[in-house]
>>> print(open('final02.json').read())   # JSON, C-alpha atoms
[["chain", "number", "residue", "atom", "x", "y", "z"],
["G", 25, "MET", "CA", 126.76, 83.47, 91.90],
["G", 26, "SER", "CA", 129.10, 85.94, 90.31],
["G", 27, "SER", "CA", 127.95, 89.52, 89.75],
["G", 28, "GLU", "CA", 125.10, 89.39, 87.26],
["G", 29, "GLY", "CA", 125.86, 91.03, 83.94],
["G", 30, "GLU", "CA", 129.56, 91.44, 84.80],
["G", 31, "GLY", "CA", 131.82, 88.85, 83.16],
["G", 32, "LYS", "CA", 129.15, 86.28, 82.24],
["G", 33, "GLU", "CA", 125.82, 86.09, 80.53],
["G", 34, "THR", "CA", 123.12, 86.38, 83.13],
["G", 35, "THR", "CA", 119.95, 84.31, 82.93],
["G", 36, "VAL", "CA", 116.76, 85.72, 84.41],
["G", 37, "GLY", "CA", 113.87, 83.34, 84.89],
["G", 38, "ILE", "CA", 110.55, 85.18, 85.08],
["G", 39, "ILE", "CA", 107.64, 83.31, 86.64],
["G", 40, "GLY", "CA", 104.68, 85.03, 85.05],
["G", 41, "GLY", "CA", 106.90, 86.09, 82.19],
["G", 42, "THR", "CA", 104.16, 85.74, 79.57],
["G", 43, "GLY", "CA", 101.92, 88.35, 81.21],
["G", 44, "GLN", "CA", 102.05, 92.08, 80.52],
["G", 45, "MET", "CA", 104.41, 93.09, 83.32],
["G", 46, "GLY", "CA", 106.55, 89.99, 82.97],
["G", 47, "SER", "CA", 106.90, 90.61, 79.25],
["G", 48, "PHE", "CA", 107.83, 94.24, 79.88],
["G", 49, "PHE", "CA", 110.68, 93.31, 82.22],
["G", 50, "ALA", "CA", 111.77, 90.53, 79.88],
["G", 51, "GLY", "CA", 112.30, 93.26, 77.28],
["G", 52, "VAL", "CA", 114.27, 95.40, 79.76],
["G", 53, "PHE", "CA", 116.66, 92.54, 80.49],
["G", 54, "ARG", "CA", 117.02, 91.49, 76.86],
["G", 55, "ARG", "CA", 117.93, 95.04, 75.84],
["G", 56, "ALA", "CA", 120.66, 94.88, 78.49],
["G", 57, "GLY", "CA", 122.05, 91.72, 76.86],
["G", 58, "TRP", "CA", 120.79, 89.31, 79.49],
["G", 59, "LYS", "CA", 119.19, 85.97, 78.70],
["G", 60, "VAL", "CA", 115.54, 85.61, 79.70],
["G", 61, "ALA", "CA", 113.49, 82.48, 80.30],
["G", 62, "ALA", "CA", 109.75, 83.07, 80.70],
["G", 63, "ARG", "CA", 107.27, 80.72, 82.36],
["G", 64, "GLY", "CA", 103.51, 81.20, 82.13],
["G", 65, "ARG", "CA", 100.62, 79.58, 83.95],
["G", 66, "LYS", "CA", 100.87, 76.41, 81.91],
["G", 67, "SER", "CA", 104.19, 74.67, 81.25],
["G", 68, "ASP", "CA", 105.18, 71.09, 80.50],
["G", 69, "GLN", "CA", 108.68, 71.71, 81.87],
["G", 70, "PRO", "CA", 109.17, 70.69, 85.51],
["G", 71, "LEU", "CA", 109.64, 73.72, 87.73],
["G", 72, "ASP", "CA", 113.01, 72.61, 89.07],
["G", 73, "ARG", "CA", 114.38, 72.26, 85.53],
["G", 74, "PHE", "CA", 113.19, 75.73, 84.66],
["G", 75, "LEU", "CA", 114.80, 77.23, 87.76],
["G", 76, "ASP", "CA", 118.12, 75.39, 87.67],
["G", 77, "PRO", "CA", 119.97, 77.50, 85.03],
["G", 78, "CYS", "CA", 118.64, 80.83, 86.33],
["G", 79, "ASP", "CA", 120.91, 83.31, 88.07],
["G", 80, "ILE", "CA", 117.91, 85.44, 89.01],
["G", 81, "VAL", "CA", 114.36, 84.24, 89.58],
["G", 82, "MET", "CA", 111.72, 86.96, 89.35],
["G", 83, "ILE", "CA", 108.12, 86.33, 90.40],
["G", 84, "VAL", "CA", 105.58, 88.45, 88.55],
["G", 85, "VAL", "CA", 102.10, 87.15, 89.41],
["G", 86, "PRO", "CA", 98.93, 88.69, 90.91],
["G", 87, "ILE", "CA", 99.18, 89.81, 94.53],
["G", 88, "ARG", "CA", 96.92, 87.08, 95.93],
["G", 89, "ALA", "CA", 98.91, 84.39, 94.13],
["G", 90, "THR", "CA", 102.37, 85.68, 95.01],
["G", 91, "ILE", "CA", 103.05, 84.02, 98.35],
["G", 92, "GLY", "CA", 101.74, 80.68, 97.11],
["G", 93, "VAL", "CA", 104.08, 80.81, 94.10],
["G", 94, "ILE", "CA", 106.99, 81.85, 96.34],
["G", 95, "GLU", "CA", 106.35, 78.88, 98.63],
["G", 96, "GLU", "CA", 106.49, 76.60, 95.60],
["G", 97, "VAL", "CA", 109.64, 78.15, 94.14],
["G", 98, "ALA", "CA", 111.75, 79.07, 97.20],
["G", 99, "PRO", "CA", 112.68, 75.53, 98.38],
["G", 100, "LEU", "CA", 114.03, 74.67, 94.92],
["G", 101, "LEU", "CA", 116.62, 77.46, 94.79],
["G", 102, "ARG", "CA", 120.33, 77.42, 95.61],
["G", 103, "ALA", "CA", 122.43, 79.84, 97.64],
["G", 104, "ASP", "CA", 124.09, 81.17, 94.48],
["G", 105, "GLN", "CA", 120.78, 82.32, 93.01],
["G", 106, "LEU", "CA", 118.84, 85.56, 93.56],
["G", 107, "LEU", "CA", 115.09, 85.58, 94.25],
["G", 108, "CYS", "CA", 112.92, 88.68, 93.82],
["G", 109, "ASP", "CA", 109.30, 89.61, 93.28],
["G", 110, "LEU", "CA", 107.48, 92.58, 91.74],
["G", 111, "THR", "CA", 104.47, 92.65, 94.05],
["G", 112, "SER", "CA", 102.99, 95.97, 95.20],
["G", 113, "LEU", "CA", 103.08, 94.63, 98.78],
["G", 114, "LYS", "CA", 106.41, 93.73, 100.29],
["G", 115, "THR", "CA", 106.24, 92.56, 103.91],
["G", 116, "GLY", "CA", 104.46, 89.26, 103.29],
["G", 117, "PRO", "CA", 106.26, 88.30, 100.06],
["G", 118, "VAL", "CA", 109.71, 89.14, 101.46],
["G", 119, "ARG", "CA", 108.97, 87.16, 104.62],
["G", 120, "ALA", "CA", 108.08, 84.18, 102.43],
["G", 121, "MET", "CA", 111.12, 84.58, 100.16],
["G", 122, "VAL", "CA", 113.71, 84.71, 102.94],
["G", 123, "ARG", "CA", 112.93, 81.10, 103.78],
["G", 124, "SER", "CA", 114.82, 80.20, 100.61],
["G", 125, "LYS", "CA", 118.55, 79.49, 100.43],
["G", 126, "ALA", "CA", 118.73, 82.05, 97.63],
["G", 127, "GLY", "CA", 119.57, 85.69, 98.22],
["G", 128, "VAL", "CA", 116.42, 87.80, 98.42],
["G", 129, "VAL", "CA", 115.48, 91.33, 97.40],
["G", 130, "GLY", "CA", 111.98, 92.72, 97.02],
["G", 131, "LEU", "CA", 111.07, 94.99, 94.10],
["G", 132, "HIS", "CA", 108.03, 97.12, 93.35],
["G", 133, "PRO", "CA", 107.73, 98.96, 90.03],
["G", 134, "MET", "CA", 105.51, 101.99, 90.60],
["G", 135, "PHE", "CA", 103.86, 101.80, 87.19],
["G", 136, "GLY", "CA", 101.76, 99.53, 85.03],
["G", 137, "PRO", "CA", 102.76, 97.57, 81.94],
["G", 138, "GLY", "CA", 101.53, 100.30, 79.60],
["G", 139, "VAL", "CA", 104.82, 102.23, 79.78],
["G", 140, "GLU", "CA", 107.27, 101.87, 76.91],
["G", 141, "THR", "CA", 110.52, 102.20, 78.90],
["G", 142, "LEU", "CA", 111.67, 102.73, 82.47],
["G", 143, "GLN", "CA", 112.54, 106.36, 81.71],
["G", 144, "GLY", "CA", 111.35, 108.52, 84.60],
["G", 145, "GLN", "CA", 109.66, 105.59, 86.37],
["G", 146, "THR", "CA", 110.23, 104.65, 90.02],
["G", 147, "ILE", "CA", 111.18, 101.19, 91.27],
["G", 148, "VAL", "CA", 111.20, 100.59, 95.02],
["G", 149, "VAL", "CA", 113.89, 98.18, 96.24],
["G", 150, "THR", "CA", 113.58, 96.42, 99.61],
["G", 151, "PRO", "CA", 116.81, 94.51, 100.33],
["G", 152, "ALA", "CA", 116.53, 91.40, 102.49],
["G", 153, "THR", "CA", 119.16, 88.66, 102.62],
["G", 154, "ALA", "CA", 120.98, 89.58, 99.40],
["G", 155, "PRO", "CA", 123.82, 92.10, 99.79],
["G", 156, "GLU", "CA", 124.04, 95.04, 97.38],
["G", 157, "GLU", "CA", 126.74, 93.38, 95.30],
["G", 158, "ARG", "CA", 124.30, 90.58, 94.52],
["G", 159, "TYR", "CA", 121.30, 92.64, 93.42],
["G", 160, "GLY", "CA", 123.23, 95.75, 92.35],
["G", 161, "PRO", "CA", 123.83, 94.66, 88.73],
["G", 162, "MET", "CA", 120.09, 94.14, 88.25],
["G", 163, "VAL", "CA", 119.32, 97.56, 89.70],
["G", 164, "ARG", "CA", 121.91, 99.09, 87.38],
["G", 165, "VAL", "CA", 120.05, 97.57, 84.43],
["G", 166, "PHE", "CA", 116.98, 99.48, 85.61],
["G", 167, "THR", "CA", 118.81, 102.77, 86.11],
["G", 168, "ALA", "CA", 120.51, 102.45, 82.72],
["G", 169, "ASP", "CA", 117.02, 102.26, 81.21],
["G", 170, "GLY", "CA", 116.07, 105.49, 83.00],
["G", 171, "ALA", "CA", 114.47, 104.25, 86.23],
["G", 172, "ARG", "CA", 114.67, 106.07, 89.56],
["G", 173, "ILE", "CA", 115.37, 103.84, 92.56],
["G", 174, "THR", "CA", 114.01, 104.22, 96.09],
["G", 175, "VAL", "CA", 115.50, 101.89, 98.72],
["G", 176, "THR", "CA", 113.57, 101.12, 101.91],
["G", 177, "THR", "CA", 112.42, 98.32, 104.19],
["G", 178, "PRO", "CA", 109.44, 96.08, 103.35],
["G", 179, "GLU", "CA", 107.51, 97.45, 106.34],
["G", 180, "HIS", "CA", 108.07, 101.10, 105.44],
["G", 181, "HIS", "CA", 107.25, 100.36, 101.81],
["G", 182, "ASP", "CA", 103.85, 98.96, 102.78],
["G", 183, "ARG", "CA", 103.12, 101.99, 104.98],
["G", 184, "MET", "CA", 103.96, 104.31, 102.09],
["G", 185, "MET", "CA", 101.82, 102.25, 99.71],
["G", 186, "ALA", "CA", 98.88, 102.66, 102.08],
["G", 187, "ILE", "CA", 99.13, 106.36, 101.17],
["G", 188, "VAL", "CA", 100.43, 106.36, 97.60],
["G", 189, "GLN", "CA", 98.14, 103.57, 96.42],
["G", 190, "GLY", "CA", 95.60, 102.87, 99.16],
["G", 191, "LEU", "CA", 94.46, 106.40, 100.01],
["G", 192, "THR", "CA", 94.75, 107.65, 96.43],
["G", 193, "HIS", "CA", 92.72, 104.81, 94.93],
["G", 194, "PHE", "CA", 90.21, 104.92, 97.78],
["G", 195, "MET", "CA", 89.51, 108.62, 97.23],
["G", 196, "THR", "CA", 89.34, 108.16, 93.45],
["G", 197, "LEU", "CA", 86.75, 105.41, 93.88],
["G", 198, "CYS", "CA", 84.81, 107.57, 96.35],
["G", 199, "MET", "CA", 84.65, 110.40, 93.80],
["G", 200, "ALA", "CA", 83.39, 107.98, 91.15],
["G", 201, "ASP", "CA", 80.76, 106.50, 93.46],
["G", 202, "THR", "CA", 79.62, 109.92, 94.64],
["G", 203, "MET", "CA", 78.95, 111.07, 91.07],
["G", 204, "ARG", "CA", 77.14, 107.81, 90.35],
["G", 205, "ARG", "CA", 74.94, 108.31, 93.42],
["G", 206, "GLN", "CA", 74.22, 111.85, 92.25],
["G", 207, "ARG", "CA", 73.15, 110.44, 88.86],
["G", 208, "ILE", "CA", 75.73, 112.62, 87.16],
["G", 209, "GLU", "CA", 76.71, 111.67, 83.61],
["G", 210, "ILE", "CA", 80.41, 112.03, 82.94],
["G", 211, "GLU", "CA", 79.79, 113.37, 79.43],
["G", 212, "GLU", "CA", 77.91, 116.35, 80.86],
["G", 213, "VAL", "CA", 80.47, 116.96, 83.60],
["G", 214, "LEU", "CA", 83.25, 117.16, 81.02],
["G", 215, "THR", "CA", 81.51, 120.03, 79.23],
["G", 216, "TYR", "CA", 81.86, 122.12, 82.40],
["G", 217, "THR", "CA", 85.48, 121.35, 83.21],
["G", 218, "SER", "CA", 88.72, 123.20, 82.65],
["G", 219, "PRO", "CA", 91.89, 121.14, 81.95],
["G", 220, "ILE", "CA", 92.90, 120.76, 85.59],
["G", 221, "TYR", "CA", 89.55, 119.17, 86.46],
["G", 222, "ARG", "CA", 89.73, 116.97, 83.35],
["G", 223, "ILE", "CA", 92.98, 115.59, 84.77],
["G", 224, "GLN", "CA", 91.21, 114.70, 88.03],
["G", 225, "LEU", "CA", 88.31, 113.09, 86.18],
["G", 226, "GLY", "CA", 90.78, 111.33, 83.92],
["G", 227, "LEU", "CA", 92.23, 109.53, 86.94],
["G", 228, "ILE", "CA", 88.76, 108.15, 87.68],
["G", 229, "GLY", "CA", 88.30, 106.92, 84.12],
["G", 230, "ARG", "CA", 91.81, 105.48, 84.04],
["G", 231, "LEU", "CA", 91.37, 103.52, 87.27],
["G", 232, "LEU", "CA", 87.92, 102.17, 86.40],
["G", 233, "SER", "CA", 89.11, 100.93, 83.01],
["G", 234, "GLN", "CA", 91.53, 98.55, 84.69],
["G", 235, "ASP", "CA", 91.30, 95.32, 86.71],
["G", 236, "ALA", "CA", 89.12, 95.45, 89.83],
["G", 237, "GLY", "CA", 91.06, 92.58, 91.39],
["G", 238, "LEU", "CA", 94.35, 94.49, 91.29],
["G", 239, "TYR", "CA", 92.93, 97.51, 93.10],
["G", 240, "GLY", "CA", 90.96, 95.35, 95.51],
["G", 241, "ASP", "CA", 94.15, 93.54, 96.50],
["G", 242, "MET", "CA", 96.04, 96.81, 97.00],
["G", 243, "LEU", "CA", 93.33, 98.05, 99.36],
["G", 244, "GLN", "CA", 92.33, 94.81, 101.09],
["G", 245, "MET", "CA", 95.65, 93.01, 101.51],
["G", 246, "ASN", "CA", 97.84, 95.79, 102.88],
["G", 247, "PRO", "CA", 97.31, 95.90, 106.67],
["G", 248, "ALA", "CA", 98.62, 99.47, 106.75],
["G", 249, "VAL", "CA", 95.60, 100.68, 104.74],
["G", 250, "GLY", "CA", 93.13, 100.35, 107.65],
["G", 251, "PRO", "CA", 94.67, 103.03, 109.91],
["G", 252, "VAL", "CA", 95.06, 105.36, 106.92],
["G", 253, "LEU", "CA", 91.39, 105.05, 106.03],
["G", 254, "ALA", "CA", 90.43, 105.63, 109.66],
["G", 255, "ASP", "CA", 92.29, 108.96, 109.56],
["G", 256, "CYS", "CA", 90.70, 109.67, 106.17],
["G", 257, "GLU", "CA", 87.25, 109.16, 107.66],
["G", 258, "GLU", "CA", 88.04, 111.59, 110.48],
["G", 259, "ALA", "CA", 89.34, 114.13, 107.96],
["G", 260, "VAL", "CA", 86.13, 113.86, 105.92],
["G", 261, "GLN", "CA", 83.99, 114.34, 109.01],
["G", 262, "SER", "CA", 86.04, 117.33, 110.13],
["G", 263, "LEU", "CA", 85.95, 119.01, 106.73],
["G", 264, "ARG", "CA", 82.25, 118.29, 106.29],
["G", 265, "ALA", "CA", 81.53, 119.87, 109.66],
["G", 266, "SER", "CA", 83.51, 122.99, 108.77],
["G", 267, "VAL", "CA", 81.70, 123.30, 105.41],
["G", 268, "GLN", "CA", 78.25, 122.84, 106.89],
["G", 269, "SER", "CA", 78.96, 125.26, 109.72],
["G", 270, "GLY", "CA", 79.09, 128.17, 107.30],
["G", 271, "ASP", "CA", 81.85, 129.66, 109.48],
["G", 272, "PRO", "CA", 84.64, 131.01, 107.23],
["G", 273, "ASP", "CA", 87.12, 131.11, 110.10],
["G", 274, "ARG", "CA", 86.53, 127.44, 110.88],
["G", 275, "PHE", "CA", 87.11, 126.49, 107.25],
["G", 276, "SER", "CA", 90.22, 128.68, 107.08],
["G", 277, "ARG", "CA", 91.71, 126.94, 110.11],
["G", 278, "PHE", "CA", 91.24, 123.57, 108.43],
["G", 279, "PHE", "CA", 92.65, 124.85, 105.14],
["G", 280, "LEU", "CA", 95.63, 126.72, 106.57],
["G", 281, "GLU", "CA", 96.68, 123.88, 108.85],
["G", 282, "ASN", "CA", 97.11, 121.71, 105.77],
["G", 283, "ALA", "CA", 98.55, 124.52, 103.64],
["G", 284, "GLU", "CA", 101.34, 124.96, 106.20],
["G", 285, "LYS", "CA", 102.08, 121.24, 106.14],
["G", 286, "TYR", "CA", 102.50, 121.19, 102.35],
["G", 287, "SER", "CA", 103.98, 124.67, 101.83],
["G", 288, "ILE", "CA", 107.34, 123.33, 100.64],
["G", 289, "TYR", "CA", 105.65, 121.15, 98.02],
["G", 290, "GLY", "CA", 103.36, 123.89, 96.72],
["G", 291, "PRO", "CA", 105.66, 125.49, 94.11],
["G", 292, "GLN", "CA", 106.70, 122.11, 92.69],
["G", 293, "ALA", "CA", 103.10, 120.89, 92.56],
["G", 294, "THR", "CA", 101.99, 124.07, 90.80],
["G", 295, "ALA", "CA", 104.77, 123.84, 88.22],
["G", 296, "GLU", "CA", 104.13, 120.18, 87.48],
["G", 297, "THR", "CA", 100.37, 120.54, 87.15],
["G", 298, "ASP", "CA", 100.82, 123.67, 84.99],
["G", 299, "HIS", "CA", 102.92, 121.51, 82.68],
["G", 300, "LEU", "CA", 100.21, 118.83, 82.59],
["G", 301, "ILE", "CA", 97.61, 121.48, 81.78],
["G", 302, "GLN", "CA", 99.69, 122.81, 78.90],
["G", 303, "CYS", "CA", 100.16, 119.29, 77.53],
["G", 304, "LEU", "CA", 96.42, 118.67, 77.69],
["G", 305, "VAL", "CA", 95.59, 122.00, 76.05],
["G", 306, "ALA", "CA", 98.12, 121.42, 73.26],
["G", 307, "ARG", "CA", 96.92, 117.88, 72.60]]
>>> encode(input="final02.json", output="structure tokens")
Amino acid sequence: MSSEGEGKETTVGIIGGTGQMGSFFAGVFRRAGWKVAARGRKSDQPLDRFLDPCDIVMIVVPIRATIGVIEEVAPLLRADQLLCDLTSLKTGPVRAMVRSKAGVVGLHPMFGPGVETLQGQTIVVTPATAPEERYGPMVRVFTADGARITVTTPEHHDRMMAIVQGLTHFMTLCMADTMRRQRIEIEEVLTYTSPIYRIQLGLIGRLLSQDAGLYGDMLQMNPAVGPVLADCEEAVQSLRASVQSGDPDRFSRFFLENAEKYSIYGPQATAETDHLIQCLVAR
């Protein structure tokens, strides 16, 4: 396969291309002048005929379905094709993809299909059997649309997702369930909040308005989540003990140990959240 987008029209075949995320990336490629073929759940066209003209095959299906689709697609591909997926887990899907003759690179867009462009969004790239010159043109399409690229291994990606997604979503769900157990009505809580707390509550409402299956898969299917939640449980027990002790020195030790760890991030976090507050106030 020659370099995609350089000297020839590139064809991207998107399995799951009629869904929200598949449709979004179809638009990204079309704006770059690439040809896109989309395949949904139901198609009368044989799979091998759909795949044959594609330079790049992108799999955009739910997490639990991803490896099964890869196992169906991978044996049908040639060495001059590129295979990638957009799953929020990478170790398992990449392991399944590298059984193909095609070059392989894993991708994970760190956003949902509600965005309008890639401007300011992050895409994680986990190279496998495809060298940079094979997947580079596709990545340059993303960066030209404003995306930021993080390159890592599938294993390290999944460990980071256990924090970025697993721990974050777990704690958000715990906050929601705690308020439910306390029989607290969100409408009343909002009347007591300042903008910074509305942002925190907004994350609860945002998560719970989406698909339970997606968040369940992120938490249940990433093996790196378990150890993270074990540490989270210990942190909760430690903090609870310091709060219930009534000892200000004990609480300060807990607080300051973490403040030291995140001291470099503090000014950036303050500036960014101040900006969010101003946007919310001016809304």
>>> atom_distance(input="final02.json", atom1="atom CA of Thr150 of chain G", atom2="atom CA of Val165 of chain G")
16.5 Å
>>> residues_around(input="final02.json", residues="segment 92-104 of chain G", least_positions_apart="4", cutoff="8 Å", atoms="all atoms listed in the file", output="number ranges by chain")
G: 25, 71-72, 75-76, 79, 83, 117, 120-121, 123-127
>>> closest_residue(input="final02.json", among="G:Val267, G:Leu110, G:Ile301, G:Leu243", to="Tyr221 of chain G", atoms="all atoms listed in the file")
G:Ile301
>>> closest_residue(input="final02.json", among="G:Gly40, G:Gly190, G:Pro291, G:Pro219", to="Val305 of chain G", atoms="only C-alpha atoms")
G:Pro219
>>> residues_around(input="final02.json", residues="Val81 of chain G", least_positions_apart="4", cutoff="7 Å", atoms="all atoms listed in the file", output="PyMOL selection string")
chain G and resi 36-38+106-108
>>> atom_distance(input="final02.json", atom1="atom CA of Cys78 of chain G", atom2="atom CA of Thr35 of chain G")
5.0 Å
>>> residues_around(input="final02.json", residues="Gly64 of chain G", least_positions_apart="4", cutoff="7 Å", atoms="all atoms listed in the file", output="PyMOL selection string")
chain G and resi 39-42
>>> closest_residue(input="final02.json", among="G:Asp273, G:Gln143, G:Phe166, G:Asp235", to="Arg54 of chain G", atoms="all atoms listed in the file")
G:Phe166
>>> closest_residue(input="final02.json", among="G:Met185, G:Val252, G:Thr177, G:Val213", to="Ala152 of chain G", atoms="all atoms listed in the file")
G:Thr177
>>> residues_around(input="final02.json", residues="segment 253-260 of chain G", least_positions_apart="6", cutoff="9 Å", atoms="only C-alpha atoms", output="PyMOL selection string")
chain G and resi 186+190-191+194
>>> atom_distance(input="final02.json", atom1="atom CA of Lys59 of chain G", atom2="atom CA of Ile80 of chain G")
10.4 Å
>>> residues_around(input="final02.json", residues="Arg264 of chain G", least_positions_apart="6", cutoff="12 Å", atoms="all atoms listed in the file", output="PDB file with C-alpha atoms, keeping the file's coordinate frame")
ATOM      1  CA  GLU G 257      87.250 109.160 107.660  1.00  0.00           C
ATOM      2  CA  GLU G 258      88.040 111.590 110.480  1.00  0.00           C
ATOM      3  CA  GLY G 270      79.090 128.170 107.300  1.00  0.00           C
ATOM      4  CA  ASP G 271      81.850 129.660 109.480  1.00  0.00           C
ATOM      5  CA  ARG G 274      86.530 127.440 110.880  1.00  0.00           C
ATOM      6  CA  PHE G 275      87.110 126.490 107.250  1.00  0.00           C
ATOM      7  CA  PHE G 278      91.240 123.570 108.430  1.00  0.00           C
TER       8      PHE G 278
END
>>> closest_residue(input="final02.json", among="G:Ala62, G:Cys303, G:Gln268, G:Ile228", to="Met203 of chain G", atoms="all atoms listed in the file")
G:Ile228
>>> residues_near_point(input="final02.json", point="(101.1, 89.0, 92.4)", cutoff="9 Å", atoms="all atoms listed in the file", output="list in words")
Ile83, Val84, Val85, Pro86, Ile87, Arg88, Ala89, Thr90, Ile91, Val93, Asp109, Leu110, Thr111, Ser112, Leu113 and Leu238 of chain G
>>> closest_residue(input="final02.json", among="G:Ile173, G:Leu263, G:Leu131, G:Leu227", to="Arg277 of chain G", atoms="all atoms listed in the file")
G:Leu263
